[in-house]
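Beneath this line is the structure, given in structure tokens, with notes to follow.
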Amino acid sequence: MPAPLMKIETTPTLPKSADVVVIGGGIVGVFTAYYLARRGIKVALVEKGLIGAEQSSRNWGWCRQQNRDARELPMATQSLALWDRLAAEIGEDPGFRRCGLLYLSNSEAELEGWARWRDFAVGAGVTTNILNAEEASEAGRTTGRRWKGGVFSPSDGTADPSRAAPVVARGVLKAGGSVHQMCAARGIETQVGRVSAVVTEAGIIRTKTVVLAGGAWASSFCRQLGIRFPQASVRASILSVGAGAEGLPAALHTADVSVTRRGDGGHTLAISGRARVDPTPQQFRFSREFLPMFARRWRSLEPGGPHGWKAGHETLAKWKLDAPTPMERNRILDPRPDQRQINETYRRACELLPALKRTAISNAWAGYIDSTPDGVPAIGEVEGLAGFILAAGFSGHGFGISPGAGYMIADIITGAPQLLDRAHYGPERLLKSVWGKVADF
């Protein structure tokens, strides 16, 4: 079942040329197009389905610094500042609020890990409040439980996944860019080793710069260009309940279940990290690269079914530019949610927060979360193909850091001074060994 999504009208006519073409109308793609358009760049955003219809509307909506990988923390901090300004810039609310995020735990090991992260984050200027047992139990009083401790990150917040990408796409239009839904990009033409055009199902757009923000489709698209981009996806299932549970924290994480207040007064419920691995040709192709990650997460991952194989987003097939592609045969990835997990999530949530027993499940959905082997996105120009910029593999973190990612990509394209260090994000690192040590945080 599709997640709730605001629908928008977009540009009916494809331009013959553009300074930049952004492929993919998820949250990263729309922010990239938005910041380019605001700088006076002629940008065209093409989306095979609807703006924000895949993972960008299927996530929790958290915009956090807390517990970020050290490599992503500066981008997370900048993103929060950009989220702050967005409603005033566009004149429309994406649902962002700095409501603070609350983490509660009875695990000494988990609490020690949060304390270590706090010590690291202080040096980065991030405020994170460690809660003792009394403070945590008071903050989590609606659970009716005693807690050993917790964390409250007051400057973090949430945005509305059903509105955010469509609102930003409207911002692209207001800034002079064009947005094209139901318009799949089939491939790229090149001249002398450089991008020269994007071939879409509706026609050709001449351009020298392309940003591929294709989410779970990015690796199969790169394969058409002879680019080996290791990427794997897992299928995560979450649900929403209607209004009726009052007084709950705006955003609460525990090991058992996480709860987020929605703009309609209801709540989104999920179990952090729980997902199914649907076998696909691409999963087998990159199995060696992803073995360490899957081994670390084996307690929360379960074998899936044929959903991913049938969806076509992780195909190894080559397609033609003058015929329908897998993206046109499957406009929106809408995998079946894991009903057993949905039932378990609702049960856990009602046990944790008894007020939720007054609500009923209003919707349930699943989405494919695409990852890189080291859990950090690949952002930057791909060596060997001038003008082709990859922005994919956000590993479940893309929604919150998407403004910073889009802003950084706009900096790369326009040659602006860099506010963020790009070294950690370069796609070229994924061609190196993945067996080495990665950051602790």
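Here, A, B, ... name the chains of the structure tokens in the order displayed, residue numbers run from 1 inside each chain, and ligands are numbered from 1 in the same displayed order.
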Give me the residues near stretch 160-174 of chain A as a compact mmCIF listing (two decimals) with N, CA and C atoms, in the first residue's frame, where near means some atom within 6 Å (using only C-alpha atoms) and where sequence neighbours in that chain fewer than 6 positions away do not count.
```txt
# COMPACT_ATOMS: atom_id res chain seq x y z
N PRO A 4 1.25 7.74 2.53
CA PRO A 4 0.59 9.02 2.24
C PRO A 4 1.54 9.95 1.50
N LEU A 5 1.00 10.64 0.49
CA LEU A 5 1.84 11.51 -0.33
C LEU A 5 1.01 12.64 -0.91
N MET A 6 1.51 13.85 -0.75
CA MET A 6 0.91 15.02 -1.37
C MET A 6 1.22 15.01 -2.86
N ILE A 27 13.84 12.94 -2.32
CA ILE A 27 14.17 14.11 -1.50
C ILE A 27 15.55 14.68 -1.84
N VAL A 30 15.20 16.51 -5.38
CA VAL A 30 14.48 17.79 -5.37
C VAL A 30 15.29 18.88 -4.68
N TYR A 34 16.51 22.26 -6.35
CA TYR A 34 16.09 23.50 -5.68
C TYR A 34 17.26 24.46 -5.50
N ILE A 51 6.78 12.64 -7.65
CA ILE A 51 7.76 13.26 -6.75
C ILE A 51 7.59 12.70 -5.33
N GLY A 52 8.69 12.15 -4.80
CA GLY A 52 8.71 11.68 -3.41
C GLY A 52 7.97 10.39 -3.16
N SER A 57 8.96 9.24 0.94
CA SER A 57 7.70 9.39 1.68
C SER A 57 7.44 8.20 2.59
N GLY A 61 10.84 10.36 8.93
CA GLY A 61 10.82 11.81 8.94
C GLY A 61 11.80 12.45 9.92
N ILE A 90 10.25 29.11 0.50
CA ILE A 90 9.31 28.61 -0.50
C ILE A 90 7.92 29.22 -0.33
N PRO A 94 7.00 22.46 4.81
CA PRO A 94 7.32 21.05 4.60
C PRO A 94 7.11 20.20 5.85
N GLY A 95 6.58 20.82 6.90
CA GLY A 95 6.30 20.09 8.13
C GLY A 95 7.48 19.93 9.06
```
Distance query A:Gly308 at most 8 Å, only C-alpha atoms, self and fewer than 2 positions along chain excluded, as a list in words: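 Listed by chain and then number, they are Asp278, Pro279, Thr280, Gly305, Pro306, Lys310, Ala311, Gly312, His313, Glu314 and Pro335 of chain A.
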All alpha helix (DSSP H) residues (DSSP, backbone) inside stretch 237-407 of chain A, as an MDAnalysis selection string: chainID A and resid 281:285 287:296 307:311 326:329 339:352 398:407
Give me the residues of stretch 320-376 of chain A that have any atom at most 8 Å from an atom of stretch 229-244 of chain A; for each, the nearest atom pair and the distance in Å, rounded to one decimal. Use only C-alpha atoms, sort by chain and number, and format it as a tab-separated table.
```
residue	atom	partner	partner_atom	distance
A:Pro335	CA	A:Arg235	CA	7.6
A:Pro337	CA	A:Ser237	CA	5.1
A:Asp338	CA	A:Ser237	CA	6.0
A:Gln341	CA	A:Ser237	CA	7.1
A:Ile342	CA	A:Ile238	CA	6.5
A:Thr345	CA	A:Ile238	CA	7.9
A:Ala355	CA	A:Gly244	CA	7.9
A:Leu356	CA	A:Gly244	CA	7.5
A:Arg358	CA	A:Gly244	CA	6.2
A:Thr359	CA	A:Gly244	CA	5.8
A:Ala360	CA	A:Val241	CA	5.4
A:Ile361	CA	A:Val241	CA	4.4
A:Ser362	CA	A:Val241	CA	4.9
A:Asn363	CA	A:Ser240	CA	5.3
A:Ala364	CA	A:Leu239	CA	4.1
A:Trp365	CA	A:Ser237	CA	5.8
A:Ala366	CA	A:Ser237	CA	4.2
A:Gly367	CA	A:Arg235	CA	5.5
A:Tyr368	CA	A:Arg235	CA	4.6
A:Ile369	CA	A:Ser233	CA	5.1
A:Asp370	CA	A:Ser233	CA	4.2
A:Ser371	CA	A:Ala232	CA	5.5
A:Thr372	CA	A:Gln231	CA	5.1
A:Pro373	CA	A:Pro230	CA	7.2
```
Picked from stretch 11-240 of chain A by DSSP as strand (DSSP E or B), as an MDAnalysis selection string: chainID A and resid 17 20:23 43:46 62:63 97 101:105 129:131 149:153 157:158 178:180 185:191 194:200 203:206 210:212 232:240
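Of the residues under consideration (A:Phe294, A:Phe394, A:Phe399, A:Tyr425), A:Phe399 shows the shortest atom-to-atom contact distance to A:Trp60 when counting only C-alpha atoms.
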Shell around A:Glu138 at 12 Å using only C-alpha atoms, local window under 3 positions removed, as an MDAnalysis selection string: chainID A and resid 102 104 131:135 141:150 249
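Here atom CA of A:Thr13 stands at a distance of 13.5 Å from atom CA of A:Val43.
The space between atom CA of A:Pro154 and atom CA of A:Arg348 spans 25.6 Å.
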Non-local contacts of A:Val195 (12 Å; only C-alpha atoms; under 5 positions in same chain excluded) as a PyMOL selection string: chain A and resi 19-21+187-190+205-211+225+381-382+384-389
Okay, now the selection with N, CA, C and O atoms, as a tab-separated table (two decimals), in the first residue's frame?
```tsv
chain	number	residue	atom	x	y	z
A	19	ASP	N	21.06	23.51	-18.25
A	19	ASP	CA	22.43	23.53	-17.69
A	19	ASP	C	22.71	22.23	-16.94
A	19	ASP	O	23.81	21.68	-17.02
A	20	VAL	N	21.70	21.77	-16.18
A	20	VAL	CA	21.82	20.55	-15.38
A	20	VAL	C	20.51	19.79	-15.47
A	20	VAL	O	19.44	20.37	-15.39
A	21	VAL	N	20.61	18.47	-15.61
A	21	VAL	CA	19.45	17.59	-15.49
A	21	VAL	C	19.64	16.73	-14.25
A	21	VAL	O	20.69	16.10	-14.07
A	187	GLY	N	18.64	6.93	-20.24
A	187	GLY	CA	20.08	6.83	-20.32
A	187	GLY	C	20.72	8.17	-20.65
A	187	GLY	O	20.05	9.21	-20.66
A	188	ILE	N	22.01	8.13	-20.90
A	188	ILE	CA	22.81	9.33	-21.12
A	188	ILE	C	23.61	9.18	-22.40
A	188	ILE	O	24.16	8.11	-22.69
A	189	GLU	N	23.68	10.26	-23.16
A	189	GLU	CA	24.56	10.31	-24.33
A	189	GLU	C	25.83	11.06	-23.95
A	189	GLU	O	25.81	11.95	-23.09
A	190	THR	N	26.94	10.70	-24.60
A	190	THR	CA	28.22	11.33	-24.31
A	190	THR	C	28.93	11.73	-25.59
A	190	THR	O	28.66	11.18	-26.66
A	205	ILE	N	17.10	15.80	-23.68
A	205	ILE	CA	17.47	17.10	-23.11
A	205	ILE	C	18.98	17.24	-23.28
A	205	ILE	O	19.75	16.46	-22.72
A	206	ARG	N	19.40	18.24	-24.02
A	206	ARG	CA	20.83	18.50	-24.18
A	206	ARG	C	21.37	19.13	-22.90
A	206	ARG	O	20.79	20.08	-22.37
A	207	THR	N	22.47	18.60	-22.40
A	207	THR	CA	23.07	19.12	-21.18
A	207	THR	C	24.50	18.62	-21.06
A	207	THR	O	24.86	17.61	-21.66
A	208	LYS	N	25.30	19.31	-20.28
A	208	LYS	CA	26.67	18.87	-20.01
A	208	LYS	C	26.85	18.35	-18.60
A	208	LYS	O	27.93	17.88	-18.24
A	209	THR	N	25.78	18.44	-17.80
A	209	THR	CA	25.89	18.00	-16.40
A	209	THR	C	24.63	17.24	-15.99
A	209	THR	O	23.51	17.73	-16.19
A	210	VAL	N	24.83	16.08	-15.40
A	210	VAL	CA	23.73	15.25	-14.92
A	210	VAL	C	24.00	14.86	-13.48
A	210	VAL	O	25.13	14.52	-13.11
A	211	VAL	N	22.96	14.91	-12.65
A	211	VAL	CA	23.03	14.40	-11.29
A	211	VAL	C	22.12	13.19	-11.22
A	211	VAL	O	20.91	13.30	-11.48
A	225	LEU	N	25.97	2.55	-18.01
A	225	LEU	CA	27.07	3.42	-18.41
A	225	LEU	C	28.43	2.78	-18.21
A	225	LEU	O	29.47	3.43	-18.40
A	381	GLU	N	31.44	13.66	-8.63
A	381	GLU	CA	31.61	13.32	-10.04
A	381	GLU	C	32.30	11.97	-10.17
A	381	GLU	O	33.27	11.69	-9.46
A	382	VAL	N	31.81	11.15	-11.06
A	382	VAL	CA	32.38	9.82	-11.28
A	382	VAL	C	33.57	9.94	-12.21
A	382	VAL	O	33.48	10.53	-13.30
A	384	GLY	N	36.14	9.40	-14.99
A	384	GLY	CA	36.04	8.80	-16.31
A	384	GLY	C	34.84	9.25	-17.11
A	384	GLY	O	34.75	8.95	-18.31
A	385	LEU	N	33.89	9.95	-16.47
A	385	LEU	CA	32.73	10.46	-17.19
A	385	LEU	C	32.46	11.88	-16.71
A	385	LEU	O	31.73	12.11	-15.74
A	386	ALA	N	33.07	12.84	-17.37
A	386	ALA	CA	32.95	14.24	-16.95
A	386	ALA	C	31.49	14.69	-17.03
A	386	ALA	O	30.78	14.40	-17.99
A	387	GLY	N	31.07	15.38	-16.00
A	387	GLY	CA	29.72	15.92	-15.95
A	387	GLY	C	28.69	14.98	-15.36
A	387	GLY	O	27.51	15.34	-15.26
A	388	PHE	N	29.10	13.77	-14.97
A	388	PHE	CA	28.16	12.81	-14.37
A	388	PHE	C	28.41	12.76	-12.87
A	388	PHE	O	29.45	12.30	-12.41
A	389	ILE	N	27.43	13.25	-12.10
A	389	ILE	CA	27.55	13.34	-10.64
A	389	ILE	C	26.59	12.34	-10.01
A	389	ILE	O	25.39	12.35	-10.30
```
Who sits within 8 Å of A:Leu321, only C-alpha atoms, same chain under 2 positions skipped, as a list in words: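 The residues satisfying every condition are Arg186, Gly187, Val199, Trp319, Ala323, Pro324 and Thr325 of chain A.
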Counting only C-alpha atoms, the residue of A:Arg98, A:Arg276, A:Arg71, A:His180 that sits nearest A:Val22: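 Result for the nearest residue to A:Val22: A:His180.
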Given only C-alpha atoms as the counted atoms, nearest of A:Ala275, A:Ala218, A:Ala81, A:Val46 to A:Arg340: A:Ala275
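Ranking A:Val28, A:Val179, A:Ala33, A:Val257 by their shortest atom-to-atom distance to A:Leu352, with only C-alpha atoms included, puts A:Val257 first.
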